[in-house]
Amino acid sequence: METKRLYLCESREKSINEAAEILKGGGVVAIPTETVYGLAASALDQKAINSVFAAKGRPQDNPLIVHIDSIEMLNKIAKDVPESAYRCAERFWPGPLTMVLPSSGYVCKAVSAGLSTVAVRMPEDKTARDIITAAKLPLAAPSANISGSPSPTTALHVLNDLDGKIDAVVMGDDCKVGVESTVISVSENSARLLRPGAVTVEMLKEVFDSVIIDKAILSEPERGERVASPGMKYKHYAPKTALYLVEGDSESFCSFVNGQGVAAVCFSEERDKIKGEAFVYGVESDPDTMAQRIFSILRELDLKNIKKAYVHAPEKSGVGLAVYNRLIRACAFNVVKL
Ligand code: AMP
Ligand code: MG
């Protein structure tokens with residue numbers, strides 16, 4: 001199949017309408033969002049959802065997030081929505097927060113992968129929301145990459161993985177946040193963090209009395225263990241390069257890597273202290289920069305055919321927790337503590 005490029009610079013409205021028409025007709029379109037590029041399809045169309053799973057090679061038991069443009073759409077998709085979820089929507093939507101809520105049964109079953117719940121998010125990215133509005137549909141949209149590979153944060157990343165396998169790509173800007181949305185399950189007074197993102201634990205505590213951090217966020221689930229968020233059990237985000245996550249201060253990291261003579265994925269402050277090849281993924285004092293660049297850097301390792309690399313781990317707080325969570329999976333839970 002030929003994958004259409006829908007450009008936004010000259011003909012934004014035309015491209016948005018064209019994306020919406022393809023989606024209404026049951027097609028699959030990659031769209032920019034503020035987190036990562038999403039592979040969108042109508043959440044009401046079983047066949048379209050099957051095409052999403054097929055194009056990505058995504059395991060059937062890993063549910064999709066439904067993207068909406070209004071609270072009316074939320075109320076159609078979810079039922080028994082706790083008051084706290086509306087408070088969260090008020091505070092964080094549109095934005096990089098996904099809430100897992102009881103499903104009303106409005107979206108098709110495959111979206112929830114057989115669970116009784118549905119994950120819902122209202123994206124901040126204007127293009128993403130305009131496409132939902134033009135299509136008048138809730139859109140299921142997992143990351144627009146081949147399942148298991150680093151998530152796509154540019155239109156080019158999408159084409160590298162999915163050119164010829166999907167109907168179209170909306171050629172938007174590079175993603176502002178760079179890691180996927182925060183996912184929480186919600187009850188009246190507490191939230192359980194299932195996946196960390198740019199809406200941090202500290203921010204969630206402004207809305208909830210307590211925020212429980214699911215154990216799967218920082219550790220490998222046991223074989224066969226039931227996890228609250230099915231996506232957590234898969235090896236994820238990984239380049240072909242063998243990666244090791246290294247915890248320790250800057251000085252010990254640099255001397256460890258220099259002693260090993262392999263490539264380093266490090267902070268800008270460390271670049272000049274690394275003797276071998278260095279890939280800078282952010283500024284140590286600013287985890288937002290790490291989130292924004294990490295997936296591009298993981299893809300670059302493969303482009304440069306790097307066989308092995310040590311990655312300096314970020315602090316596990318704020319947005320750093322989201323970056324750590326992606327890296328520990330990209331490193332297949334191989335951690336070196338200095
Ligand atoms: P992705 O679509 O690649 O951003 O991944 C979506 C994430 O949301 C995965 O980790 C899923 O496991 C999680 N998710 C989606 N729907 C649900 C749900 N109903 N219950 C729990 N987790 C969910
Ligand atoms: Mg994904």
# chains A, B, ... in the order shown; residues from 1 in each chain; ligands from 1
$ residues_around --residues "stretch 77-81 of chain A" --least-positions-apart "6" --cutoff "10 Å" --atoms "only C-alpha atoms" --output "list in words"
Ala43, Val66, Ile68, Ile71, Val100, Leu101, Pro102, Ser103, Ser104, Gly105, Tyr106, Val107, Thr117, Val118, Ala119, Val120, Pro138, Val186, Ser187 and Glu188 of chain A
$ residues_around --residues "A:Phe279" --least-positions-apart "6" --cutoff "9 Å" --atoms "only C-alpha atoms" --output "ChimeraX atom specification"
/A:263-268,271,297,300-301
$ write_last_selection --atoms "C-alpha atoms" --output "PDB file, in the first residue's frame"
ATOM      1  CA  ALA A 263      29.729   3.974  23.588  1.00  0.00           C
ATOM      2  CA  ALA A 264      28.029   6.162  26.192  1.00  0.00           C
ATOM      3  CA  VAL A 265      24.536   7.636  26.218  1.00  0.00           C
ATOM      4  CA  CYS A 266      25.089  10.527  28.571  1.00  0.00           C
ATOM      5  CA  PHE A 267      24.230  14.053  29.674  1.00  0.00           C
ATOM      6  CA  SER A 268      25.588  17.138  27.906  1.00  0.00           C
ATOM      7  CA  ARG A 271      30.310  14.782  26.837  1.00  0.00           C
ATOM      8  CA  ILE A 297      18.953   8.862  20.481  1.00  0.00           C
ATOM      9  CA  GLU A 300      20.408   6.878  16.285  1.00  0.00           C
ATOM     10  CA  LEU A 301      22.334   4.061  18.009  1.00  0.00           C
TER      11      LEU A 301
END
$ residues_near_ligand --ligand "ligand 1" --cutoff "6 Å" --atoms "only C-alpha atoms and all ligand atoms" --output "list in words"
Asn62, Pro63, Leu64, Ile65, Val100, Ser112, Leu115, Thr117, Val118, Ala119, Pro142, Ser143, Glu180, Ala228, Ser229, Pro230, Gly231 and Met232 of chain A
$ residues_near_ligand --ligand "ligand 2" --cutoff "9 Å" --atoms "only C-alpha atoms and all ligand atoms" --output "MDAnalysis selection string"
chainID A and resid 36 38 58 142:152 180 231 236:237
$ select_by_dssp --residues "stretch 76-236 of chain A" --states "helix (DSSP H, G or I)" --output "VMD selection string"
chain A and resid 76 to 77 83 to 92 109 to 112 126 to 135 155 to 162 201 to 204 215 to 217 230 to 233
$ closest_residue --among "A:Asp161, A:Glu90, A:Asp130, A:Asp45" --to "A:Ser15" --atoms "only C-alpha atoms"
A:Asp130
